[in-house]
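*Asks:* For reference, the structure I am asking about is given below.
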Amino acid sequence: MSQVKRNFQKNDEVYVVDYWGTEKGAAAFSARALIIAVDEEKQTFCGVLYGDTYQTYSFADYGRLIFDTSIEANTAASKLPMPGGIAYQRIGDRVYKKEVDSIGGGYVDDVFDLKICFKRGKAVSTKEMGVTVFLDEAAARNK
């Protein structure tokens, strides 16, 4: 995750990692968002995607869900598991192989977040990628 601060302003265009349905389930991809309101006190902004979808993002998600270019957002989206794919989740000292049902989204503490939905088990935030969720079994075991 990038530690670089960014100054978000009304009418700025940013690119976000969002999700959209595919024949296998919802998958992560990038989308353009126009910032329509900024709340400096809460460190959030409201962006409009697709001309009719309003989502609130945290400044802290810059470099994880929010990017300056579509290339950066596409790269981030490509690092998330695909529906029907396999991910490895570390819980305590154990590593579990899990099939990914889809990528979903929702609000946590009044800001939008993406989550990985498994066929079995609880959905987890994409913040857990590289922390407790991995695409590679060896990486999960070596963490």
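By order in the structure tokens, chains are A, B, ...; within a chain, residues start at 1; ligands start at 1, following the order shown.
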Quick one: everything within 7 Å of Lys98 of chain A, counting only C-alpha atoms, minus sequence neighbours fewer than 3 positions away in the same chain. Send it as a ChimeraX atom specification.

*Replies:* /A:86-88,118

*Asks:* Where in segment 5-91 of chain A does DSSP assign strand (DSSP E or B), given as a short mmCIF file (atom, residue, chain, number, x, y, z; two decimals) with all heavy atoms, in the first residue's frame?

*Replies:*
data_model
loop_
_atom_site.label_atom_id
_atom_site.label_comp_id
_atom_site.auth_asym_id
_atom_site.auth_seq_id
_atom_site.Cartn_x
_atom_site.Cartn_y
_atom_site.Cartn_z
N GLU A 13 -10.68 13.48 -11.25
CA GLU A 13 -10.97 12.13 -11.71
C GLU A 13 -9.93 11.20 -11.10
O GLU A 13 -8.74 11.50 -11.12
CB GLU A 13 -10.90 12.03 -13.23
CG GLU A 13 -12.10 12.61 -13.92
CD GLU A 13 -12.08 12.34 -15.42
OE1 GLU A 13 -11.14 11.69 -15.93
OE2 GLU A 13 -13.01 12.80 -16.08
N VAL A 14 -10.41 10.09 -10.56
CA VAL A 14 -9.53 9.06 -10.03
C VAL A 14 -10.01 7.73 -10.60
O VAL A 14 -11.08 7.65 -11.20
CB VAL A 14 -9.53 9.02 -8.49
CG1 VAL A 14 -8.90 10.29 -7.90
CG2 VAL A 14 -10.92 8.80 -7.93
N TYR A 15 -9.21 6.72 -10.39
CA TYR A 15 -9.59 5.37 -10.81
C TYR A 15 -9.65 4.51 -9.56
O TYR A 15 -8.79 4.62 -8.68
CB TYR A 15 -8.60 4.81 -11.83
CG TYR A 15 -8.71 5.56 -13.13
CD1 TYR A 15 -8.01 6.75 -13.33
CD2 TYR A 15 -9.56 5.11 -14.13
CE1 TYR A 15 -8.16 7.47 -14.49
CE2 TYR A 15 -9.70 5.83 -15.30
CZ TYR A 15 -9.00 7.01 -15.48
OH TYR A 15 -9.15 7.71 -16.64
N VAL A 16 -10.69 3.72 -9.47
CA VAL A 16 -10.90 2.89 -8.28
C VAL A 16 -11.00 1.43 -8.69
O VAL A 16 -11.33 1.11 -9.84
CB VAL A 16 -12.17 3.32 -7.52
CG1 VAL A 16 -12.03 4.75 -7.01
CG2 VAL A 16 -13.42 3.17 -8.37
N VAL A 17 -10.73 0.55 -7.74
CA VAL A 17 -10.96 -0.87 -7.96
C VAL A 17 -12.37 -1.14 -7.46
O VAL A 17 -12.71 -0.86 -6.32
CB VAL A 17 -9.93 -1.75 -7.21
CG1 VAL A 17 -10.23 -3.22 -7.45
CG2 VAL A 17 -8.52 -1.41 -7.67
N ASP A 18 -13.20 -1.63 -8.36
CA ASP A 18 -14.59 -1.93 -8.07
C ASP A 18 -14.83 -3.39 -8.44
O ASP A 18 -13.89 -4.12 -8.74
CB ASP A 18 -15.50 -0.98 -8.86
CG ASP A 18 -16.93 -0.93 -8.32
OD1 ASP A 18 -17.13 -1.20 -7.13
OD2 ASP A 18 -17.84 -0.61 -9.11
N TYR A 19 -16.07 -3.81 -8.45
CA TYR A 19 -16.39 -5.18 -8.85
C TYR A 19 -17.59 -5.17 -9.78
O TYR A 19 -18.41 -4.26 -9.74
CB TYR A 19 -16.64 -6.07 -7.63
CG TYR A 19 -17.87 -5.70 -6.85
CD1 TYR A 19 -19.05 -6.43 -7.00
CD2 TYR A 19 -17.88 -4.63 -5.97
CE1 TYR A 19 -20.19 -6.09 -6.29
CE2 TYR A 19 -19.02 -4.29 -5.25
CZ TYR A 19 -20.17 -5.02 -5.42
OH TYR A 19 -21.29 -4.68 -4.72
N TRP A 20 -17.64 -6.18 -10.62
CA TRP A 20 -18.74 -6.29 -11.57
C TRP A 20 -18.95 -7.76 -11.88
O TRP A 20 -18.00 -8.53 -11.89
CB TRP A 20 -18.38 -5.53 -12.85
CG TRP A 20 -19.57 -5.25 -13.72
CD1 TRP A 20 -19.99 -5.97 -14.79
CD2 TRP A 20 -20.49 -4.18 -13.57
NE1 TRP A 20 -21.12 -5.41 -15.32
CE2 TRP A 20 -21.46 -4.30 -14.59
CE3 TRP A 20 -20.60 -3.12 -12.67
CZ2 TRP A 20 -22.51 -3.42 -14.74
CZ3 TRP A 20 -21.65 -2.25 -12.83
CH2 TRP A 20 -22.58 -2.40 -13.85
N ALA A 27 -16.13 -10.03 -10.24
CA ALA A 27 -14.66 -9.94 -10.24
C ALA A 27 -14.24 -8.48 -10.09
O ALA A 27 -15.01 -7.57 -10.35
CB ALA A 27 -14.11 -10.50 -11.56
N ALA A 28 -13.01 -8.29 -9.65
CA ALA A 28 -12.46 -6.94 -9.48
C ALA A 28 -12.04 -6.38 -10.84
O ALA A 28 -11.53 -7.11 -11.70
CB ALA A 28 -11.27 -6.98 -8.54
N PHE A 29 -12.23 -5.09 -11.03
CA PHE A 29 -11.75 -4.39 -12.21
C PHE A 29 -11.68 -2.91 -11.89
O PHE A 29 -12.12 -2.47 -10.83
CB PHE A 29 -12.63 -4.68 -13.44
CG PHE A 29 -13.93 -3.93 -13.43
CD1 PHE A 29 -14.12 -2.82 -14.23
CD2 PHE A 29 -14.97 -4.33 -12.61
CE1 PHE A 29 -15.31 -2.12 -14.22
CE2 PHE A 29 -16.17 -3.65 -12.58
CZ PHE A 29 -16.34 -2.55 -13.39
N SER A 30 -11.13 -2.12 -12.79
CA SER A 30 -11.01 -0.69 -12.51
C SER A 30 -12.15 0.10 -13.13
O SER A 30 -12.73 -0.31 -14.14
CB SER A 30 -9.67 -0.16 -13.03
OG SER A 30 -9.69 -0.04 -14.43
N ALA A 31 -12.46 1.22 -12.48
CA ALA A 31 -13.51 2.10 -12.98
C ALA A 31 -13.09 3.54 -12.71
O ALA A 31 -12.37 3.82 -11.75
CB ALA A 31 -14.83 1.81 -12.27
N ARG A 32 -13.53 4.43 -13.57
CA ARG A 32 -13.26 5.86 -13.38
C ARG A 32 -14.29 6.43 -12.42
O ARG A 32 -15.46 6.09 -12.47
CB ARG A 32 -13.34 6.59 -14.73
CG ARG A 32 -12.91 8.05 -14.65
CD ARG A 32 -12.96 8.70 -16.01
NE ARG A 32 -14.31 8.73 -16.57
CZ ARG A 32 -15.24 9.63 -16.27
NH1 ARG A 32 -14.99 10.58 -15.42
NH2 ARG A 32 -16.43 9.56 -16.84
N ALA A 33 -13.83 7.32 -11.54
CA ALA A 33 -14.74 7.97 -10.60
C ALA A 33 -14.48 9.47 -10.62
O ALA A 33 -13.33 9.91 -10.66
CB ALA A 33 -14.53 7.43 -9.19
N LEU A 34 -15.54 10.23 -10.61
CA LEU A 34 -15.46 11.68 -10.51
C LEU A 34 -15.77 12.06 -9.07
O LEU A 34 -16.82 11.68 -8.54
CB LEU A 34 -16.47 12.34 -11.46
CG LEU A 34 -16.54 13.87 -11.37
CD1 LEU A 34 -15.23 14.49 -11.86
CD2 LEU A 34 -17.72 14.38 -12.19
N ILE A 35 -14.85 12.77 -8.44
CA ILE A 35 -15.06 13.19 -7.06
C ILE A 35 -16.06 14.34 -7.05
O ILE A 35 -15.87 15.36 -7.71
CB ILE A 35 -13.73 13.62 -6.40
CG1 ILE A 35 -12.79 12.42 -6.34
CG2 ILE A 35 -13.98 14.21 -5.02
CD1 ILE A 35 -11.40 12.74 -5.81
N ILE A 36 -17.16 14.14 -6.29
CA ILE A 36 -18.20 15.16 -6.25
C ILE A 36 -18.25 15.89 -4.90
O ILE A 36 -18.86 16.95 -4.80
CB ILE A 36 -19.58 14.60 -6.61
CG1 ILE A 36 -19.99 13.48 -5.65
CG2 ILE A 36 -19.59 14.10 -8.05
CD1 ILE A 36 -21.43 13.05 -5.78
N ALA A 37 -17.62 15.30 -3.87
CA ALA A 37 -17.59 15.96 -2.55
C ALA A 37 -16.41 15.41 -1.77
O ALA A 37 -16.08 14.23 -1.88
CB ALA A 37 -18.88 15.70 -1.79
N VAL A 38 -15.77 16.29 -1.01
CA VAL A 38 -14.62 15.91 -0.19
C VAL A 38 -14.91 16.32 1.25
O VAL A 38 -15.36 17.43 1.51
CB VAL A 38 -13.33 16.59 -0.69
CG1 VAL A 38 -12.15 16.28 0.22
CG2 VAL A 38 -13.03 16.20 -2.13
N ASP A 39 -14.65 15.41 2.20
CA ASP A 39 -14.81 15.71 3.62
C ASP A 39 -13.43 15.58 4.26
O ASP A 39 -13.00 14.49 4.61
CB ASP A 39 -15.80 14.76 4.27
CG ASP A 39 -16.13 15.11 5.71
OD1 ASP A 39 -15.26 15.71 6.39
OD2 ASP A 39 -17.24 14.79 6.16
N THR A 44 -12.46 11.57 3.78
CA THR A 44 -13.19 10.77 2.80
C THR A 44 -13.60 11.63 1.61
O THR A 44 -13.60 12.86 1.69
CB THR A 44 -14.47 10.16 3.41
OG1 THR A 44 -15.34 11.21 3.82
CG2 THR A 44 -14.17 9.24 4.58
N PHE A 45 -13.97 10.97 0.53
CA PHE A 45 -14.59 11.67 -0.59
C PHE A 45 -15.69 10.79 -1.16
O PHE A 45 -15.67 9.57 -1.02
CB PHE A 45 -13.58 12.06 -1.68
CG PHE A 45 -13.01 10.92 -2.46
CD1 PHE A 45 -13.69 10.35 -3.53
CD2 PHE A 45 -11.75 10.42 -2.16
CE1 PHE A 45 -13.15 9.31 -4.27
CE2 PHE A 45 -11.19 9.38 -2.88
CZ PHE A 45 -11.90 8.82 -3.94
N CYS A 46 -16.66 11.43 -1.78
CA CYS A 46 -17.73 10.74 -2.48
C CYS A 46 -17.43 10.84 -3.97
O CYS A 46 -17.17 11.93 -4.48
CB CYS A 46 -19.09 11.35 -2.17
SG CYS A 46 -20.45 10.50 -3.01
N GLY A 47 -17.45 9.70 -4.63
CA GLY A 47 -17.21 9.67 -6.07
C GLY A 47 -18.40 9.06 -6.78
O GLY A 47 -19.12 8.24 -6.21
N VAL A 48 -18.59 9.47 -8.02
CA VAL A 48 -19.65 8.88 -8.84
C VAL A 48 -18.99 8.02 -9.91
O VAL A 48 -18.09 8.46 -10.61
CB VAL A 48 -20.62 9.94 -9.42
CG1 VAL A 48 -19.92 10.90 -10.36
CG2 VAL A 48 -21.79 9.29 -10.12
N LEU A 49 -19.44 6.76 -9.98
CA LEU A 49 -18.96 5.79 -10.95
C LEU A 49 -20.09 5.48 -11.92
O LEU A 49 -21.26 5.45 -11.50
CB LEU A 49 -18.56 4.48 -10.26
CG LEU A 49 -17.33 4.46 -9.35
CD1 LEU A 49 -17.55 5.22 -8.08
CD2 LEU A 49 -16.96 3.03 -9.04
N THR A 53 -23.63 5.74 -9.82
CA THR A 53 -23.31 4.98 -8.61
C THR A 53 -22.43 5.84 -7.72
O THR A 53 -21.34 6.24 -8.13
CB THR A 53 -22.60 3.66 -8.96
OG1 THR A 53 -23.45 2.90 -9.81
CG2 THR A 53 -22.26 2.87 -7.71
N TYR A 54 -22.91 6.12 -6.52
CA TYR A 54 -22.19 7.00 -5.59
C TYR A 54 -21.57 6.16 -4.49
O TYR A 54 -22.27 5.37 -3.83
CB TYR A 54 -23.16 8.03 -4.99
CG TYR A 54 -23.75 8.93 -6.05
CD1 TYR A 54 -24.86 8.54 -6.78
CD2 TYR A 54 -23.16 10.16 -6.33
CE1 TYR A 54 -25.39 9.35 -7.78
CE2 TYR A 54 -23.69 10.98 -7.33
CZ TYR A 54 -24.79 10.57 -8.04
OH TYR A 54 -25.31 11.36 -9.03
N GLN A 55 -20.26 6.33 -4.28
CA GLN A 55 -19.56 5.57 -3.26
C GLN A 55 -18.62 6.50 -2.50
O GLN A 55 -18.01 7.38 -3.09
CB GLN A 55 -18.79 4.40 -3.86
CG GLN A 55 -19.72 3.36 -4.40
CD GLN A 55 -19.08 2.15 -5.04
OE1 GLN A 55 -19.77 1.21 -5.30
NE2 GLN A 55 -17.80 2.16 -5.32
N THR A 56 -18.50 6.26 -1.20
CA THR A 56 -17.62 7.05 -0.35
C THR A 56 -16.36 6.25 -0.07
O THR A 56 -16.43 5.08 0.35
CB THR A 56 -18.33 7.41 0.97
OG1 THR A 56 -19.51 8.15 0.66
CG2 THR A 56 -17.43 8.25 1.87
N TYR A 57 -15.21 6.88 -0.29
CA TYR A 57 -13.91 6.23 -0.11
C TYR A 57 -13.09 6.96 0.95
O TYR A 57 -13.21 8.17 1.11
CB TYR A 57 -13.12 6.25 -1.42
CG TYR A 57 -13.71 5.38 -2.49
CD1 TYR A 57 -14.63 5.90 -3.40
CD2 TYR A 57 -13.36 4.04 -2.61
CE1 TYR A 57 -15.18 5.11 -4.38
CE2 TYR A 57 -13.90 3.24 -3.60
CZ TYR A 57 -14.82 3.78 -4.48
OH TYR A 57 -15.36 2.99 -5.45
N SER A 58 -12.24 6.22 1.62
CA SER A 58 -11.32 6.78 2.60
C SER A 58 -10.02 7.19 1.92
O SER A 58 -9.50 6.44 1.07
CB SER A 58 -11.00 5.73 3.67
OG SER A 58 -9.94 6.17 4.50
N TYR A 62 -5.93 5.15 -0.68
CA TYR A 62 -5.14 5.55 -1.84
C TYR A 62 -3.97 4.57 -1.97
O TYR A 62 -3.26 4.30 -1.01
CB TYR A 62 -4.62 6.98 -1.67
CG TYR A 62 -3.78 7.47 -2.81
CD1 TYR A 62 -4.34 7.68 -4.06
CD2 TYR A 62 -2.43 7.72 -2.65
CE1 TYR A 62 -3.58 8.13 -5.12
CE2 TYR A 62 -1.65 8.18 -3.71
CZ TYR A 62 -2.24 8.38 -4.95
OH TYR A 62 -1.48 8.82 -5.99
N ILE A 66 -7.83 3.21 -4.58
CA ILE A 66 -7.90 4.49 -5.30
C ILE A 66 -6.55 4.77 -5.96
O ILE A 66 -5.51 4.66 -5.30
CB ILE A 66 -8.21 5.66 -4.32
CG1 ILE A 66 -9.43 5.34 -3.47
CG2 ILE A 66 -8.38 6.97 -5.08
CD1 ILE A 66 -9.51 6.17 -2.20
N PHE A 67 -6.61 5.16 -7.24
CA PHE A 67 -5.38 5.39 -7.99
C PHE A 67 -5.52 6.59 -8.91
O PHE A 67 -6.63 7.02 -9.21
CB PHE A 67 -5.04 4.14 -8.83
CG PHE A 67 -4.85 2.92 -7.98
CD1 PHE A 67 -5.92 2.10 -7.68
CD2 PHE A 67 -3.61 2.61 -7.47
CE1 PHE A 67 -5.75 0.98 -6.87
CE2 PHE A 67 -3.43 1.50 -6.66
CZ PHE A 67 -4.50 0.69 -6.36
N ILE A 86 -8.50 -20.04 -6.61
CA ILE A 86 -8.10 -20.51 -5.29
C ILE A 86 -7.30 -19.42 -4.57
O ILE A 86 -6.47 -18.75 -5.18
CB ILE A 86 -7.25 -21.79 -5.39
CG1 ILE A 86 -8.04 -22.92 -6.06
CG2 ILE A 86 -6.72 -22.23 -4.03
CD1 ILE A 86 -9.27 -23.38 -5.28
N ALA A 87 -7.58 -19.28 -3.29
CA ALA A 87 -6.79 -18.40 -2.43
C ALA A 87 -6.45 -19.19 -1.18
O ALA A 87 -7.12 -20.18 -0.85
CB ALA A 87 -7.56 -17.14 -2.08
N TYR A 88 -5.41 -18.77 -0.51
CA TYR A 88 -4.97 -19.42 0.72
C TYR A 88 -5.12 -18.44 1.86
O TYR A 88 -4.61 -17.33 1.80
CB TYR A 88 -3.53 -19.89 0.57
CG TYR A 88 -3.39 -20.89 -0.55
CD1 TYR A 88 -3.15 -20.48 -1.85
CD2 TYR A 88 -3.55 -22.25 -0.32
CE1 TYR A 88 -3.07 -21.38 -2.89
CE2 TYR A 88 -3.48 -23.17 -1.35
CZ TYR A 88 -3.23 -22.73 -2.63
OH TYR A 88 -3.16 -23.63 -3.66
N GLN A 89 -5.86 -18.88 2.88
CA GLN A 89 -6.11 -18.01 4.02
C GLN A 89 -5.40 -18.56 5.25
O GLN A 89 -5.57 -19.72 5.61
CB GLN A 89 -7.61 -17.88 4.29
CG GLN A 89 -7.92 -16.89 5.40
CD GLN A 89 -9.41 -16.73 5.63
OE1 GLN A 89 -10.21 -17.62 5.35
NE2 GLN A 89 -9.80 -15.58 6.15
N ARG A 90 -4.61 -17.70 5.85
CA ARG A 90 -3.90 -18.07 7.07
C ARG A 90 -4.74 -17.63 8.26
O ARG A 90 -5.08 -16.45 8.40
CB ARG A 90 -2.54 -17.41 7.11
CG ARG A 90 -1.71 -17.85 8.28
CD ARG A 90 -0.29 -17.26 8.20
NE ARG A 90 0.52 -17.85 9.22
CZ ARG A 90 1.28 -18.93 9.05
NH1 ARG A 90 1.35 -19.49 7.87
NH2 ARG A 90 1.98 -19.42 10.04
N ILE A 91 -5.10 -18.60 9.11
CA ILE A 91 -5.83 -18.34 10.34
C ILE A 91 -5.01 -18.96 11.46
O ILE A 91 -4.90 -20.19 11.53
CB ILE A 91 -7.26 -18.91 10.30
CG1 ILE A 91 -8.04 -18.32 9.12
CG2 ILE A 91 -7.98 -18.65 11.62
CD1 ILE A 91 -9.41 -18.93 8.90
#

*Asks:* State, in Å with one decimal place, the distance from atom CA of Asp12 of chain A to atom CA of Gly51 of chain A.

*Replies:*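 It comes out at 14.5 Å.
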
*Asks:* Could you give me the residues within segment 11-130 of chain A that DSSP places in alpha helix (DSSP H), as a ChimeraX atom specification?

*Replies:* /A:70-78

*Asks:* Kindly save the residues from that selection, with all heavy atoms included, as a short mmCIF file (atom, residue, chain, number, x, y, z; two decimals), in the first residue's frame.

*Replies:*
data_model
loop_
_atom_site.label_atom_id
_atom_site.label_comp_id
_atom_site.auth_asym_id
_atom_site.auth_seq_id
_atom_site.Cartn_x
_atom_site.Cartn_y
_atom_site.Cartn_z
N SER A 70 -5.67 4.56 -14.76
CA SER A 70 -6.37 3.30 -14.99
C SER A 70 -5.39 2.13 -14.98
O SER A 70 -5.75 1.02 -14.56
CB SER A 70 -7.16 3.34 -16.29
OG SER A 70 -6.30 3.49 -17.39
N ILE A 71 -4.16 2.36 -15.40
CA ILE A 71 -3.15 1.29 -15.41
C ILE A 71 -2.88 0.82 -13.98
O ILE A 71 -2.84 -0.38 -13.71
CB ILE A 71 -1.86 1.76 -16.11
CG1 ILE A 71 -2.13 1.99 -17.59
CG2 ILE A 71 -0.72 0.77 -15.89
CD1 ILE A 71 -1.01 2.66 -18.34
N GLU A 72 -2.72 1.77 -13.05
CA GLU A 72 -2.48 1.41 -11.65
C GLU A 72 -3.68 0.64 -11.07
O GLU A 72 -3.51 -0.36 -10.37
CB GLU A 72 -2.24 2.66 -10.80
CG GLU A 72 -0.95 3.39 -11.11
CD GLU A 72 -0.89 4.76 -10.44
OE1 GLU A 72 -1.89 5.50 -10.46
OE2 GLU A 72 0.18 5.06 -9.88
N ALA A 73 -4.88 1.10 -11.37
CA ALA A 73 -6.08 0.44 -10.85
C ALA A 73 -6.24 -0.95 -11.46
O ALA A 73 -6.60 -1.90 -10.76
CB ALA A 73 -7.32 1.30 -11.13
N ASN A 74 -5.96 -1.09 -12.76
CA ASN A 74 -6.03 -2.40 -13.41
C ASN A 74 -5.02 -3.37 -12.81
O ASN A 74 -5.31 -4.54 -12.61
CB ASN A 74 -5.80 -2.28 -14.92
CG ASN A 74 -7.03 -1.83 -15.65
OD1 ASN A 74 -8.15 -2.21 -15.31
ND2 ASN A 74 -6.84 -1.02 -16.67
N THR A 75 -3.82 -2.86 -12.53
CA THR A 75 -2.78 -3.69 -11.93
C THR A 75 -3.23 -4.18 -10.55
O THR A 75 -3.08 -5.36 -10.22
CB THR A 75 -1.45 -2.92 -11.82
OG1 THR A 75 -1.04 -2.57 -13.15
CG2 THR A 75 -0.37 -3.74 -11.16
N ALA A 76 -3.79 -3.29 -9.75
CA ALA A 76 -4.27 -3.67 -8.42
C ALA A 76 -5.41 -4.69 -8.52
O ALA A 76 -5.43 -5.68 -7.78
CB ALA A 76 -4.73 -2.44 -7.64
N ALA A 77 -6.33 -4.47 -9.44
CA ALA A 77 -7.46 -5.40 -9.61
C ALA A 77 -6.96 -6.78 -10.03
O ALA A 77 -7.50 -7.80 -9.58
CB ALA A 77 -8.44 -4.85 -10.63
N SER A 78 -5.93 -6.82 -10.87
CA SER A 78 -5.42 -8.10 -11.35
C SER A 78 -4.72 -8.91 -10.26
O SER A 78 -4.51 -10.10 -10.41
CB SER A 78 -4.46 -7.89 -12.52
OG SER A 78 -3.24 -7.34 -12.07
#

*Asks:* What lies within 10 Å of Glu40 of chain A using only C-alpha atoms, ignoring chain neighbours under 6 positions off, as a PyMOL selection string?

*Replies:* chain A and resi 7-9+59

*Asks:* Which polymer residues have any atom within 10 Å of an atom of Lys143 of chain A, counting only C-alpha atoms, with same-chain residues fewer than 6 positions away left out, as a ChimeraX atom specification?

*Replies:* /A:90,93,130-132,134

*Asks:* Smallest atom-to-atom distance to Gly63 of chain A: which of A:Lys127, A:Met82, A:Glu99, A:Val108, using only C-alpha atoms?

*Replies:*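 Answer, going by the shortest atom-to-atom distance: A:Lys127.
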